[in-house]
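K.L.:
Structure file work_25.txt (compact mmCIF, C-alpha atoms and all ligand atoms) right here:
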```txt
# COMPACT_ATOMS: atom_id res chain seq x y z
CA MET C 1 -104.72 111.98 102.90
CA LYS C 2 -102.09 113.14 100.43
CA THR C 3 -99.34 115.46 101.58
CA ILE C 4 -97.65 118.34 99.81
CA ARG C 5 -94.19 119.18 101.10
CA LEU C 6 -92.96 122.71 100.50
CA ARG C 7 -89.44 123.80 99.63
CA ASP C 8 -87.26 125.04 102.41
CA GLY C 9 -88.15 128.62 103.35
CA LYS C 10 -91.49 128.63 101.51
CA GLU C 11 -93.65 128.15 104.63
CA ARG C 12 -93.82 131.82 105.61
CA SER C 13 -96.83 132.86 103.62
CA LEU C 14 -99.04 130.01 104.88
CA GLN C 15 -97.82 130.72 108.41
CA ARG C 16 -99.13 134.24 107.91
CA ARG C 17 -102.43 132.68 106.80
CA HIS C 18 -102.17 133.80 103.22
CA PRO C 19 -104.12 131.17 101.25
CA TRP C 20 -102.00 130.64 98.12
CA VAL C 21 -99.20 128.15 97.49
CA PHE C 22 -97.44 128.84 94.21
CA GLU C 23 -96.26 126.11 91.90
CA GLY C 24 -92.61 126.95 92.55
CA SER C 25 -92.98 126.51 96.33
CA VAL C 26 -93.84 122.82 96.13
CA ALA C 27 -90.96 120.38 96.73
CA ARG C 28 -92.95 117.20 96.31
CA GLY C 29 -96.38 115.62 96.39
CA GLY C 30 -99.44 115.74 94.20
CA ALA C 31 -103.13 114.89 94.11
CA ASP C 32 -106.17 114.98 91.85
CA ALA C 33 -107.80 118.25 90.85
CA GLY C 34 -109.58 119.73 93.85
CA GLU C 35 -108.57 116.98 96.23
CA THR C 36 -107.91 118.04 99.81
CA VAL C 37 -104.23 117.84 100.73
CA ARG C 38 -102.21 118.38 103.87
CA VAL C 39 -99.54 121.02 103.26
CA GLU C 40 -96.35 120.71 105.28
CA SER C 41 -93.22 122.75 105.66
CA HIS C 42 -89.90 121.35 104.48
CA ALA C 43 -89.36 120.19 108.08
CA GLY C 44 -92.67 118.30 108.05
CA GLU C 45 -94.76 120.66 110.23
CA PHE C 46 -98.45 121.09 109.45
CA LEU C 47 -99.24 124.36 107.69
CA ALA C 48 -102.70 124.06 106.13
CA TRP C 49 -105.41 121.95 104.58
CA GLY C 50 -105.96 122.99 101.01
CA ALA C 51 -107.31 122.11 97.59
CA PHE C 52 -104.77 120.84 95.09
CA SER C 53 -104.92 122.17 91.53
CA PRO C 54 -102.49 120.31 89.26
CA GLN C 55 -102.67 122.78 86.34
CA SER C 56 -102.81 126.09 88.15
CA MET C 57 -99.96 128.40 89.16
CA PHE C 58 -101.87 128.49 92.46
CA ARG C 59 -100.98 124.84 93.13
CA VAL C 60 -102.80 124.77 96.46
CA ARG C 61 -105.40 127.13 97.88
CA ALA C 62 -105.80 126.79 101.62
CA TRP C 63 -109.15 125.94 103.16
CA SER C 64 -107.97 125.92 106.78
CA PHE C 65 -104.89 126.58 108.90
CA VAL C 66 -106.19 124.52 111.84
CA GLU C 67 -104.85 121.00 111.96
CA ALA C 68 -107.83 119.63 113.91
CA GLU C 69 -110.32 120.92 111.33
CA ARG C 70 -111.83 118.48 108.84
CA ILE C 71 -112.64 119.60 105.32
CA ASP C 72 -116.10 118.14 104.86
CA ALA C 73 -119.69 119.22 104.29
CA ALA C 74 -119.93 120.64 107.81
CA PHE C 75 -116.82 122.77 107.17
CA PHE C 76 -118.38 124.35 104.06
CA GLU C 77 -121.69 124.89 105.81
CA SER C 78 -119.93 126.69 108.64
CA ARG C 79 -117.88 128.93 106.30
CA LEU C 80 -120.97 129.78 104.28
CA ARG C 81 -122.95 130.59 107.42
CA ARG C 82 -120.18 132.91 108.58
CA ALA C 83 -120.04 134.75 105.24
CA ILE C 84 -123.81 135.15 105.04
CA ALA C 85 -124.07 136.28 108.69
CA LEU C 86 -121.48 139.01 107.99
CA ARG C 87 -123.61 140.45 105.17
CA GLY C 88 -126.55 140.58 107.55
CA ARG C 89 -124.58 143.01 109.72
CA LEU C 90 -123.40 145.40 106.99
CA GLY C 91 -126.59 147.41 106.47
CA ILE C 92 -126.62 146.86 102.71
CA ALA C 93 -129.15 149.12 100.99
CA SER C 94 -130.22 146.55 98.43
CA ASP C 95 -131.81 143.12 98.01
CA ALA C 96 -128.85 142.21 95.80
CA MET C 97 -125.45 141.58 97.37
CA ARG C 98 -122.33 139.47 97.31
CA LEU C 99 -122.68 136.69 99.90
CA VAL C 100 -119.36 134.98 99.31
CA HIS C 101 -116.25 136.78 98.03
CA GLY C 102 -113.75 133.96 97.57
CA GLU C 103 -110.55 134.17 99.60
CA ALA C 104 -111.90 137.04 101.72
CA ASP C 105 -114.53 134.66 103.10
CA GLY C 106 -112.17 131.72 103.53
CA LEU C 107 -113.59 130.06 100.42
CA PRO C 108 -111.00 130.48 97.64
CA GLY C 109 -112.46 130.31 94.15
CA LEU C 110 -116.10 130.66 95.21
CA ILE C 111 -118.29 133.65 94.40
CA VAL C 112 -121.95 133.74 95.41
CA ASP C 113 -124.27 136.67 94.75
CA ARG C 114 -127.87 137.05 95.83
CA TYR C 115 -130.39 138.86 93.62
CA GLY C 116 -133.72 139.04 95.44
CA ASP C 117 -134.80 135.42 95.80
CA LEU C 118 -132.26 134.06 93.30
CA LEU C 119 -128.70 132.97 93.94
CA CYS C 120 -125.91 133.05 91.38
CA ALA C 121 -122.60 131.25 91.91
CA GLN C 122 -119.22 131.02 90.19
CA PHE C 123 -116.89 128.07 90.89
CA LEU C 124 -113.50 129.38 89.79
CA SER C 125 -110.96 126.93 91.24
CA ALA C 126 -110.49 123.17 91.19
CA GLY C 127 -111.23 123.06 94.92
CA ALA C 128 -114.50 125.00 94.69
CA GLU C 129 -115.46 122.84 91.72
CA ARG C 130 -114.86 119.64 93.69
CA TRP C 131 -117.26 120.74 96.46
CA ARG C 132 -119.86 122.23 94.11
CA GLU C 133 -122.78 119.97 95.05
CA VAL C 134 -122.11 120.26 98.78
CA ILE C 135 -121.87 124.05 98.49
CA ALA C 136 -125.07 124.26 96.41
CA ASP C 137 -127.03 122.23 98.96
CA ALA C 138 -125.66 124.16 101.91
CA LEU C 139 -126.36 127.56 100.30
CA CYS C 140 -129.98 126.76 99.51
CA ALA C 141 -130.53 125.28 102.97
CA ILE C 142 -128.95 128.17 104.90
CA ILE C 143 -130.72 130.93 102.97
CA GLY C 144 -133.95 129.03 102.48
CA LEU C 145 -134.02 129.66 98.72
CA GLY C 146 -134.44 127.04 96.02
CA ARG C 147 -133.08 128.68 92.88
CA LEU C 148 -129.35 128.79 92.24
CA TYR C 149 -127.90 129.67 88.84
CA GLU C 150 -124.34 128.82 87.90
CA ARG C 151 -122.16 131.27 85.95
CA SER C 152 -118.92 129.32 85.82
CA ASP C 153 -117.92 131.02 82.57
CA ALA C 154 -115.13 133.32 83.79
CA SER C 155 -111.92 132.95 81.78
CA VAL C 156 -109.87 132.06 84.90
CA ARG C 157 -111.50 128.62 84.89
CA ALA C 158 -109.37 127.66 81.89
CA LEU C 159 -106.23 128.24 84.01
CA GLU C 160 -107.56 125.60 86.41
CA GLY C 161 -108.27 123.14 83.60
CA LEU C 162 -112.02 123.64 84.07
CA GLU C 163 -114.56 124.02 81.30
CA VAL C 164 -117.24 126.65 81.01
CA ARG C 165 -120.53 125.68 82.63
CA THR C 166 -123.69 127.77 83.01
CA GLY C 167 -127.30 126.99 83.87
CA TRP C 168 -129.54 126.23 86.82
CA LEU C 169 -127.75 124.27 89.51
CA ARG C 170 -130.82 124.13 91.78
CA GLY C 171 -134.44 124.93 90.87
CA GLY C 172 -135.25 127.13 87.89
CA VAL C 173 -136.44 126.13 84.46
CA ALA C 174 -134.02 123.87 82.58
CA GLY C 175 -132.68 125.48 79.42
CA GLU C 176 -133.76 128.98 80.46
CA THR C 177 -131.32 131.37 78.77
CA SER C 178 -132.34 134.65 80.28
CA THR C 179 -133.80 135.74 83.61
CA ASP C 180 -136.11 138.68 83.88
CA LEU C 181 -135.29 139.87 87.35
CA VAL C 182 -135.66 143.19 89.12
CA ILE C 183 -133.64 144.27 92.16
CA THR C 184 -133.93 147.31 94.42
CA GLU C 185 -130.78 149.33 95.14
CA HIS C 186 -131.02 152.54 97.23
CA GLY C 187 -134.72 152.50 96.39
CA TRP C 188 -134.03 152.39 92.62
CA THR C 189 -135.45 149.56 90.54
CA LEU C 190 -132.93 147.84 88.31
CA GLY C 191 -133.30 144.97 85.85
CA VAL C 192 -130.70 142.20 86.02
CA ASP C 193 -130.22 139.19 83.78
CA ILE C 194 -128.12 136.65 85.67
CA ALA C 195 -127.94 134.31 82.68
CA GLN C 196 -126.87 136.80 79.98
CA GLY C 197 -125.43 139.73 81.94
CA HIS C 198 -121.77 140.36 82.69
CA LYS C 199 -120.18 138.41 85.56
CA THR C 200 -123.14 137.20 87.67
CA GLY C 201 -125.44 139.83 86.13
CA TYR C 202 -124.63 143.14 87.76
CA TYR C 203 -121.71 145.17 89.15
CA LEU C 204 -122.62 144.89 92.80
CA ASP C 205 -119.18 146.20 93.80
CA GLN C 206 -120.15 149.73 92.67
CA ARG C 207 -123.31 149.93 94.81
CA GLU C 208 -122.00 152.42 97.38
CA ASN C 209 -120.29 154.49 94.70
CA ARG C 210 -123.54 154.84 92.75
CA ARG C 211 -125.12 156.23 95.95
CA ARG C 212 -122.20 158.62 96.49
CA PHE C 213 -122.48 159.78 92.90
CA ALA C 214 -126.21 160.52 93.26
CA ASP C 215 -125.43 162.52 96.41
CA LEU C 216 -122.58 164.48 94.80
CA VAL C 217 -124.64 165.25 91.70
CA ARG C 218 -127.33 166.68 93.94
CA GLN C 219 -124.93 168.56 96.21
CA LEU C 220 -123.02 170.10 93.31
CA GLY C 221 -126.09 170.73 91.18
CA CYS C 222 -124.77 168.82 88.14
CA ARG C 223 -127.22 168.97 85.24
CA SER C 224 -125.44 167.20 82.37
CA VAL C 225 -123.71 163.85 82.89
CA LEU C 226 -121.67 161.51 80.74
CA ASN C 227 -121.64 157.91 82.01
CA GLY C 228 -118.70 156.20 80.29
CA PHE C 229 -118.73 152.36 80.30
CA SER C 230 -122.32 152.54 81.53
CA TYR C 231 -123.25 148.84 81.31
CA THR C 232 -126.98 148.77 82.25
CA GLY C 233 -126.95 152.37 83.41
CA GLY C 234 -126.56 152.09 87.19
CA PHE C 235 -124.68 155.41 87.37
CA SER C 236 -127.13 156.96 84.87
CA VAL C 237 -130.06 156.17 87.16
CA ALA C 238 -128.02 157.53 90.08
CA ALA C 239 -127.33 160.77 88.15
CA LEU C 240 -131.01 161.32 87.37
CA ALA C 241 -132.00 160.42 90.94
CA GLY C 242 -129.51 163.09 92.04
CA GLY C 243 -131.22 165.70 89.88
CA ALA C 244 -129.30 165.57 86.58
CA ARG C 245 -131.47 166.36 83.60
CA GLN C 246 -129.35 165.19 80.72
CA VAL C 247 -127.45 161.90 80.71
CA VAL C 248 -125.42 160.21 78.00
CA SER C 249 -124.73 156.49 78.61
CA VAL C 250 -121.83 155.18 76.53
CA ASP C 251 -121.04 151.47 76.19
CA SER C 252 -119.83 149.16 73.43
CA SER C 253 -122.49 146.56 74.26
CA ALA C 254 -125.90 147.02 72.64
CA PRO C 255 -127.71 144.68 75.09
CA ALA C 256 -126.21 146.63 78.01
CA LEU C 257 -127.55 149.90 76.56
CA ALA C 258 -130.97 148.34 76.01
CA GLY C 259 -130.87 147.41 79.71
CA ALA C 260 -129.88 150.99 80.58
CA ARG C 261 -132.86 152.36 78.65
CA ASP C 262 -135.20 149.96 80.49
CA ASN C 263 -133.70 150.96 83.82
CA LEU C 264 -134.26 154.67 83.20
CA ARG C 265 -137.85 153.93 82.25
CA ARG C 266 -138.37 151.77 85.36
CA ASN C 267 -137.33 154.66 87.59
CA GLY C 268 -139.76 157.21 86.25
CA PHE C 269 -137.53 159.03 83.77
CA GLU C 270 -139.73 158.23 80.78
CA SER C 271 -140.27 161.89 79.92
CA LEU C 272 -136.52 162.56 79.80
CA LEU C 273 -136.17 159.54 77.52
CA ASN C 274 -138.90 160.78 75.22
CA SER C 275 -137.58 164.33 75.08
CA GLY C 276 -134.15 163.11 73.97
CA ALA C 277 -132.45 164.39 77.14
CA CYS C 278 -131.10 160.87 77.69
CA GLU C 279 -128.81 159.53 74.99
CA PHE C 280 -127.43 156.03 74.56
CA ALA C 281 -124.27 155.75 72.52
CA ASP C 282 -123.14 152.34 71.31
CA ALA C 283 -119.50 153.34 70.97
CA ASP C 284 -115.94 152.97 72.15
CA VAL C 285 -115.62 155.41 75.06
CA ASN C 286 -112.22 156.76 74.01
CA GLN C 287 -113.56 157.49 70.53
CA TYR C 288 -116.75 159.01 71.92
CA LEU C 289 -114.83 161.34 74.23
CA ARG C 290 -112.65 162.54 71.33
CA GLU C 291 -115.67 163.24 69.16
CA ALA C 292 -117.53 165.01 71.96
CA LEU C 293 -114.48 167.21 72.52
CA ALA C 294 -114.17 167.98 68.81
CA ALA C 295 -117.88 168.88 68.79
CA GLY C 296 -117.29 171.37 71.61
CA ARG C 297 -119.50 169.59 74.14
CA SER C 298 -119.05 169.80 77.86
CA PHE C 299 -120.50 168.01 80.93
CA ASP C 300 -121.04 168.87 84.58
CA ALA C 301 -120.12 165.32 85.65
CA ILE C 302 -118.38 162.35 84.05
CA VAL C 303 -118.13 158.73 85.23
CA LEU C 304 -115.41 156.46 83.87
CA ASP C 305 -115.77 152.84 84.97
CA PRO C 306 -113.83 150.83 82.38
CA PRO C 307 -113.32 147.06 82.34
CA LYS C 308 -110.12 145.57 83.70
CA PHE C 309 -107.38 147.07 81.48
CA ALA C 310 -104.63 145.27 83.50
CA PRO C 311 -105.51 141.80 84.80
CA THR C 312 -102.01 141.48 86.31
CA ALA C 313 -99.14 143.81 87.15
CA ALA C 314 -97.44 142.70 83.91
CA HIS C 315 -100.08 144.57 81.91
CA ALA C 316 -99.84 147.70 84.06
CA GLU C 317 -97.84 149.83 81.66
CA ARG C 318 -100.12 149.49 78.66
CA ALA C 319 -103.13 149.81 80.93
CA ALA C 320 -101.69 153.00 82.42
CA ARG C 321 -101.64 154.62 78.99
CA ALA C 322 -105.26 153.62 78.37
CA TYR C 323 -106.39 154.98 81.74
CA LYS C 324 -104.45 158.19 81.26
CA ASP C 325 -105.92 158.76 77.84
CA ILE C 326 -109.58 158.54 78.82
CA ASN C 327 -109.02 160.56 82.00
CA ARG C 328 -107.21 163.32 80.10
CA LEU C 329 -110.10 163.54 77.64
CA ALA C 330 -112.63 163.56 80.51
CA PHE C 331 -110.81 166.41 82.29
CA LYS C 332 -110.96 168.44 79.08
CA LEU C 333 -114.64 167.71 78.55
CA LEU C 334 -115.64 168.67 82.07
CA ALA C 335 -117.05 172.11 82.68
CA PRO C 336 -115.07 174.20 85.21
CA GLY C 337 -116.08 173.01 88.68
CA GLY C 338 -117.27 169.70 87.17
CA LEU C 339 -117.13 166.31 88.88
CA LEU C 340 -115.11 163.32 87.67
CA LEU C 341 -115.74 159.88 89.14
CA THR C 342 -113.00 157.66 87.78
CA PHE C 343 -112.27 153.99 88.49
CA SER C 344 -109.91 151.12 87.87
CA CYS C 345 -110.87 147.52 88.65
CA SER C 346 -107.45 146.23 87.57
CA GLY C 347 -105.77 144.09 90.21
CA GLY C 348 -102.47 144.99 88.53
CA VAL C 349 -102.91 148.75 89.14
CA SER C 350 -102.62 149.81 92.80
CA ALA C 351 -104.58 152.71 94.27
CA ASP C 352 -101.32 154.64 94.44
CA LEU C 353 -100.45 154.03 90.81
CA PHE C 354 -104.00 154.89 89.74
CA HIS C 355 -103.78 158.18 91.60
CA LYS C 356 -100.52 158.97 89.77
CA ILE C 357 -102.02 158.08 86.39
CA VAL C 358 -105.04 160.33 86.96
CA ALA C 359 -102.80 163.15 88.23
CA GLY C 360 -100.72 162.80 85.04
CA ALA C 361 -103.89 162.96 82.97
CA ALA C 362 -104.96 166.20 84.67
CA LEU C 363 -101.52 167.69 84.08
CA ASP C 364 -101.67 166.77 80.38
CA ALA C 365 -105.13 168.30 80.15
CA GLY C 366 -103.77 171.46 81.75
CA VAL C 367 -106.19 171.38 84.68
CA ASP C 368 -106.06 170.81 88.42
CA GLY C 369 -108.66 169.40 90.76
CA ALA C 370 -109.47 168.58 94.36
CA ILE C 371 -109.89 164.97 95.41
CA LEU C 372 -113.22 164.89 97.21
CA GLN C 373 -113.27 161.18 98.00
CA ARG C 374 -111.19 158.04 97.53
CA LEU C 375 -113.44 155.22 96.49
CA GLU C 376 -113.33 151.45 96.81
CA GLY C 377 -115.49 148.37 96.34
CA ALA C 378 -118.68 147.87 98.35
CA CYS C 379 -118.45 146.39 101.84
CA ASP C 380 -119.86 143.02 100.79
CA HIS C 381 -116.67 142.60 98.70
CA PRO C 382 -114.34 142.81 101.71
CA THR C 383 -110.57 142.96 101.70
CA THR C 384 -109.09 141.01 104.58
CA MET C 385 -105.92 141.66 106.57
CA VAL C 386 -104.10 138.65 105.20
CA PHE C 387 -105.21 138.90 101.59
CA PRO C 388 -104.50 142.37 100.14
CA GLU C 389 -104.70 140.90 96.62
CA GLY C 390 -108.46 140.96 97.08
CA GLU C 391 -108.49 144.75 96.77
CA TYR C 392 -109.11 145.40 93.08
CA LEU C 393 -111.56 148.30 92.72
CA LYS C 394 -110.29 151.79 93.38
CA GLY C 395 -111.56 155.17 92.34
CA LEU C 396 -111.39 158.92 92.86
CA ALA C 397 -114.06 161.59 93.01
CA ILE C 398 -112.41 164.77 91.75
CA LEU C 399 -113.73 168.28 91.47
CA LYS C 400 -112.14 170.09 88.55
CA SER C 401 -110.77 173.51 89.48
N1 LIG C 501 -120.47 151.22 85.65
C1 LIG C 501 -121.18 149.99 85.36
C2 LIG C 501 -120.25 148.83 85.13
C3 LIG C 501 -119.27 148.99 83.99
S1 LIG C 501 -118.50 147.52 83.49
C4 LIG C 501 -122.18 149.73 86.47
O1 LIG C 501 -122.22 150.48 87.46
O2 LIG C 501 -122.96 148.77 86.36
C5 LIG C 501 -117.64 147.98 82.06
C6 LIG C 501 -118.49 148.18 80.82
O3 LIG C 501 -117.61 148.67 79.81
C7 LIG C 501 -119.16 146.95 80.23
O4 LIG C 501 -120.54 147.20 80.12
C8 LIG C 501 -118.56 146.82 78.81
O5 LIG C 501 -119.52 146.44 77.83
C9 LIG C 501 -118.07 148.19 78.54
N2 LIG C 501 -116.92 148.35 77.64
C10 LIG C 501 -115.78 147.61 77.57
N3 LIG C 501 -114.90 148.16 76.72
C11 LIG C 501 -115.49 149.29 76.23
C12 LIG C 501 -115.08 150.31 75.32
N4 LIG C 501 -113.87 150.29 74.75
N5 LIG C 501 -115.92 151.32 75.07
C13 LIG C 501 -117.16 151.35 75.63
N6 LIG C 501 -117.59 150.43 76.51
C14 LIG C 501 -116.78 149.41 76.80
```
Can you present the structure in this file as structure tokens?
Ligand code: SAH

P.N.:
Amino acid sequence: MKTIRLRDGKERSLQRRHPWVFEGSVARGGADAGETVRVESHAGEFLAWGAFSPQSMFRVRAWSFVEAERIDAAFFESRLRRAIALRGRLGIASDAMRLVHGEADGLPGLIVDRYGDLLCAQFLSAGAERWREVIADALCAIIGLGRLYERSDASVRALEGLEVRTGWLRGGVAGETSTDLVITEHGWTLGVDIAQGHKTGYYLDQRENRRRFADLVRQLGCRSVLNGFSYTGGFSVAALAGGARQVVSVDSSAPALAGARDNLRRNGFESLLNSGACEFADADVNQYLREALAAGRSFDAIVLDPPKFAPTAAHAERAARAYKDINRLAFKLLAPGGLLLTFSCSGGVSADLFHKIVAGAALDAGVDGAILQRLEGACDHPTTMVFPEGEYLKGLAILKS
């Protein structure tokens, strides 16, 4: 077993059970990509077992803080069982959910989502990559499913020296490039393509917020809705389910909008599609909001769920301007008493900072509003005590004065 010795004073974070060892904390030692190493303090005390990643700024990611534990197939089976058992207790109103959320489930670099009877996994670190076959076998055995698709095409893999890899890892039809799959969320029927869609196919982290939005639309009697950054129209279906009668879905991806159209049809809103009450705009949201404003339009509710503008805190300033801009335009476009649901999924923008940005946007728009709810990611994307970095999605539901 290879040993990694930390610099003097760098043991604190592992002692607090935070799973990352940064490049600069290592005094000496090395190993192959993904190999299990013993991490020791400068004084030689055991701190953790972890996966070494020679190219990454996260030089080691801890698997376990228990010296007696062995990192083997049984270890992964036990961690996976624990993660899956947790989801069984959360009362998730869908047959699609995140089963493994990386560090928060003690499995750094591993993401596993379930969509009905399909599994979809991302191996995002050298350590997860090393145990890929063991993890695939254990997952299928524990859940009793035979089809597991791999979406290891997230850009972070490059930082680990790993290449893009996608395709069936277990079961499935070799060479299949798209999956025609339907999930049920809050009783709505939604199409998901785990091979071609974003991430593992769908934004599962917004599940509870789509439900809240449907409820607020109903409670407030919102009729016209603009769904900015709609992807496949999850919030558009929610709006219509909540009683809205006119929904514009705006996204810069044509396949996503085609998916949104299909999803509206699947949920019985065919007549609204045919009457033109549902629009699909293949456009940049910022541009669309400006044009809508210039055209004198207004909406009873607006959703803004943009992609990650700030992947790290270093991008926060430029991202802040982009967030402020779209939120200012949305505040102006909202009818008096209208509802804004606004999000940031940037790890580099804290909930506090996001609140300030949105408040600044309201001020610039010359309006005020009441915060009805503070929003976060769904419960199957947990944030743990020791790993606050896992908290990335934050949002506000605001009622314009
Ligand atoms: N709210 C969605 C998820 C949105 S993900 C849901 O509940 O499923 C962000 C979306 O923004 C993606 O679909 C992406 O195609 C789109 N997007 C990214 N940049 C954009 C831009 N400048 N204008 C419009 N859409 C954009």

K.L.:
Extract, using all atoms listed in the file, all DNA, RNA and protein residues at most 6 Å from range 83-88 of chain C, discarding same-chain residues fewer than 2 positions from it, and format them as a PDB file with C-alpha atoms, in the frame of the given file.

P.N.:
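Final output, result16.pdb:
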```pdb
ATOM      1  CA  LEU C  80    -120.970 129.780 104.280  1.00  0.00           C
ATOM      2  CA  ARG C  81    -122.950 130.590 107.420  1.00  0.00           C
ATOM      3  CA  LEU C  90    -123.400 145.400 106.990  1.00  0.00           C
ATOM      4  CA  LEU C  99    -122.680 136.690  99.900  1.00  0.00           C
ATOM      5  CA  VAL C 100    -119.360 134.980  99.310  1.00  0.00           C
ATOM      6  CA  ASP C 105    -114.530 134.660 103.100  1.00  0.00           C
TER       7      ASP C 105
END
```

K.L.:
For ligand LIG 501 (chain C), return the neighbouring residues as a PDB file with C-alpha atoms, in the frame of the given file (distance at most 9 Å; only C-alpha atoms and all ligand atoms).

P.N.:
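Below is the file that was written, out_20.pdb:
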```pdb
ATOM      1  CA  HIS C 198    -121.770 140.360  82.690  1.00  0.00           C
ATOM      2  CA  TYR C 202    -124.630 143.140  87.760  1.00  0.00           C
ATOM      3  CA  TYR C 203    -121.710 145.170  89.150  1.00  0.00           C
ATOM      4  CA  LEU C 204    -122.620 144.890  92.800  1.00  0.00           C
ATOM      5  CA  ASP C 205    -119.180 146.200  93.800  1.00  0.00           C
ATOM      6  CA  GLN C 206    -120.150 149.730  92.670  1.00  0.00           C
ATOM      7  CA  ARG C 207    -123.310 149.930  94.810  1.00  0.00           C
ATOM      8  CA  ASN C 209    -120.290 154.490  94.700  1.00  0.00           C
ATOM      9  CA  ARG C 210    -123.540 154.840  92.750  1.00  0.00           C
ATOM     10  CA  ASN C 227    -121.640 157.910  82.010  1.00  0.00           C
ATOM     11  CA  GLY C 228    -118.700 156.200  80.290  1.00  0.00           C
ATOM     12  CA  PHE C 229    -118.730 152.360  80.300  1.00  0.00           C
ATOM     13  CA  SER C 230    -122.320 152.540  81.530  1.00  0.00           C
ATOM     14  CA  TYR C 231    -123.250 148.840  81.310  1.00  0.00           C
ATOM     15  CA  THR C 232    -126.980 148.770  82.250  1.00  0.00           C
ATOM     16  CA  GLY C 233    -126.950 152.370  83.410  1.00  0.00           C
ATOM     17  CA  GLY C 234    -126.560 152.090  87.190  1.00  0.00           C
ATOM     18  CA  PHE C 235    -124.680 155.410  87.370  1.00  0.00           C
ATOM     19  CA  SER C 236    -127.130 156.960  84.870  1.00  0.00           C
ATOM     20  CA  VAL C 250    -121.830 155.180  76.530  1.00  0.00           C
ATOM     21  CA  ASP C 251    -121.040 151.470  76.190  1.00  0.00           C
ATOM     22  CA  SER C 252    -119.830 149.160  73.430  1.00  0.00           C
ATOM     23  CA  SER C 253    -122.490 146.560  74.260  1.00  0.00           C
ATOM     24  CA  ALA C 254    -125.900 147.020  72.640  1.00  0.00           C
ATOM     25  CA  PRO C 255    -127.710 144.680  75.090  1.00  0.00           C
ATOM     26  CA  ALA C 256    -126.210 146.630  78.010  1.00  0.00           C
ATOM     27  CA  LEU C 257    -127.550 149.900  76.560  1.00  0.00           C
ATOM     28  CA  ALA C 281    -124.270 155.750  72.520  1.00  0.00           C
ATOM     29  CA  ASP C 282    -123.140 152.340  71.310  1.00  0.00           C
ATOM     30  CA  ALA C 283    -119.500 153.340  70.970  1.00  0.00           C
ATOM     31  CA  ASP C 284    -115.940 152.970  72.150  1.00  0.00           C
ATOM     32  CA  VAL C 285    -115.620 155.410  75.060  1.00  0.00           C
ATOM     33  CA  ASN C 286    -112.220 156.760  74.010  1.00  0.00           C
ATOM     34  CA  GLN C 287    -113.560 157.490  70.530  1.00  0.00           C
ATOM     35  CA  TYR C 288    -116.750 159.010  71.920  1.00  0.00           C
ATOM     36  CA  VAL C 303    -118.130 158.730  85.230  1.00  0.00           C
ATOM     37  CA  LEU C 304    -115.410 156.460  83.870  1.00  0.00           C
ATOM     38  CA  ASP C 305    -115.770 152.840  84.970  1.00  0.00           C
ATOM     39  CA  PRO C 306    -113.830 150.830  82.380  1.00  0.00           C
ATOM     40  CA  PRO C 307    -113.320 147.060  82.340  1.00  0.00           C
ATOM     41  CA  LYS C 308    -110.120 145.570  83.700  1.00  0.00           C
ATOM     42  CA  PHE C 309    -107.380 147.070  81.480  1.00  0.00           C
TER      43      PHE C 309
END
```

K.L.:
Given only C-alpha atoms as the basis, pick out the residue of C:Asp300, C:Glu11, C:Glu150, C:Asp137 nearest to Ala74 in chain C.

P.N.:
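Comparing C:Asp300, C:Glu11, C:Glu150, C:Asp137 against Ala74 in chain C, the winner is C:Asp137.
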
K.L.:
Could you check which of C:Gly187, C:Arg79, C:Ala121, C:Glu129 is closest to Gly167 in chain C, using only C-alpha atoms?

P.N.:
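Among the listed residues, C:Ala121 lies closest to Gly167 in chain C.
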
K.L.:
Quick one, how far is CA of Ala93 in chain C from CA of Ala378 in chain C?

P.N.:
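CA of Ala378 in chain C lies 10.9 Å from CA of Ala93 in chain C.
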
K.L.:
If we count all atoms listed in the file and set the cut-off at 7 Å, which residues sit around Val60 in chain C, ignoring sequence neighbours fewer than 5 positions away in its own chain? Please answer as a list in words.

P.N.:
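The contact residues come out as Trp20, Val21, Gly50, Ala51, Phe52 and Ser53 of chain C.
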
K.L.:
Quick one: residues within 10 Å of His315 in chain C, all atoms listed in the file, excluding same-chain residues fewer than 5 positions away - as a list in words?

P.N.:
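The residues that qualify are Phe309, Ala310, Ala320, Ser346, Gly348 and Val349 of chain C.
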
K.L.:
Can you pull out every residue within 7 Å of Val217 in chain C, counting only C-alpha atoms, but drop anything in the same chain fewer than 6 positions away, and send it as a PyMOL selection string?

P.N.:
chain C and resi 239+242-244

K.L.:
Mind giving me the straight-line distance from CA of Arg170 in chain C to CA of Leu148 in chain C in Å, one decimal?

P.N.:
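Between CA of Arg170 in chain C and CA of Leu148 in chain C the gap is 4.9 Å.
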
K.L.:
What's the 10 Å shell around range 321-330 of chain C, counting all atoms listed in the file, without same-chain residues fewer than 6 positions away, as a PyMOL selection string?

P.N.:
chain C and resi 226+228+285-290+292-293+298-299+301-304+306+309-310+339-344+354+356-367

K.L.:
Would you please work out which residue, of C:Ala27, C:Ile111, C:Ala277, C:Val237, is nearest to Gly191 in chain C when using only C-alpha atoms?

P.N.:
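Once distances to Gly191 in chain C are computed over only C-alpha atoms, the minimum belongs to C:Val237.
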
K.L.:
What is the CA of Leu353 in chain C-CA of Ala316 in chain C distance in Å, reported with one decimal?

P.N.:
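Straight-line distance from CA of Leu353 in chain C to CA of Ala316 in chain C works out to 9.3 Å.
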
K.L.:
In terms of the shortest atom-to-atom distance over all atoms listed in the file, which of C:Met1, C:Pro108, C:Tyr115, C:Leu240 is closest to Arg70 in chain C?

P.N.:
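Result for the nearest residue to Arg70 in chain C: C:Met1.
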
K.L.:
I need the residue nearest Asp368 in chain C from this list: C:Met57, C:Arg261, C:Ser64, C:Ser401. Use all atoms listed in the file for the distance.

P.N.:
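Looking only at the distances to Asp368 in chain C, the closest residue turns out to be C:Ser401.
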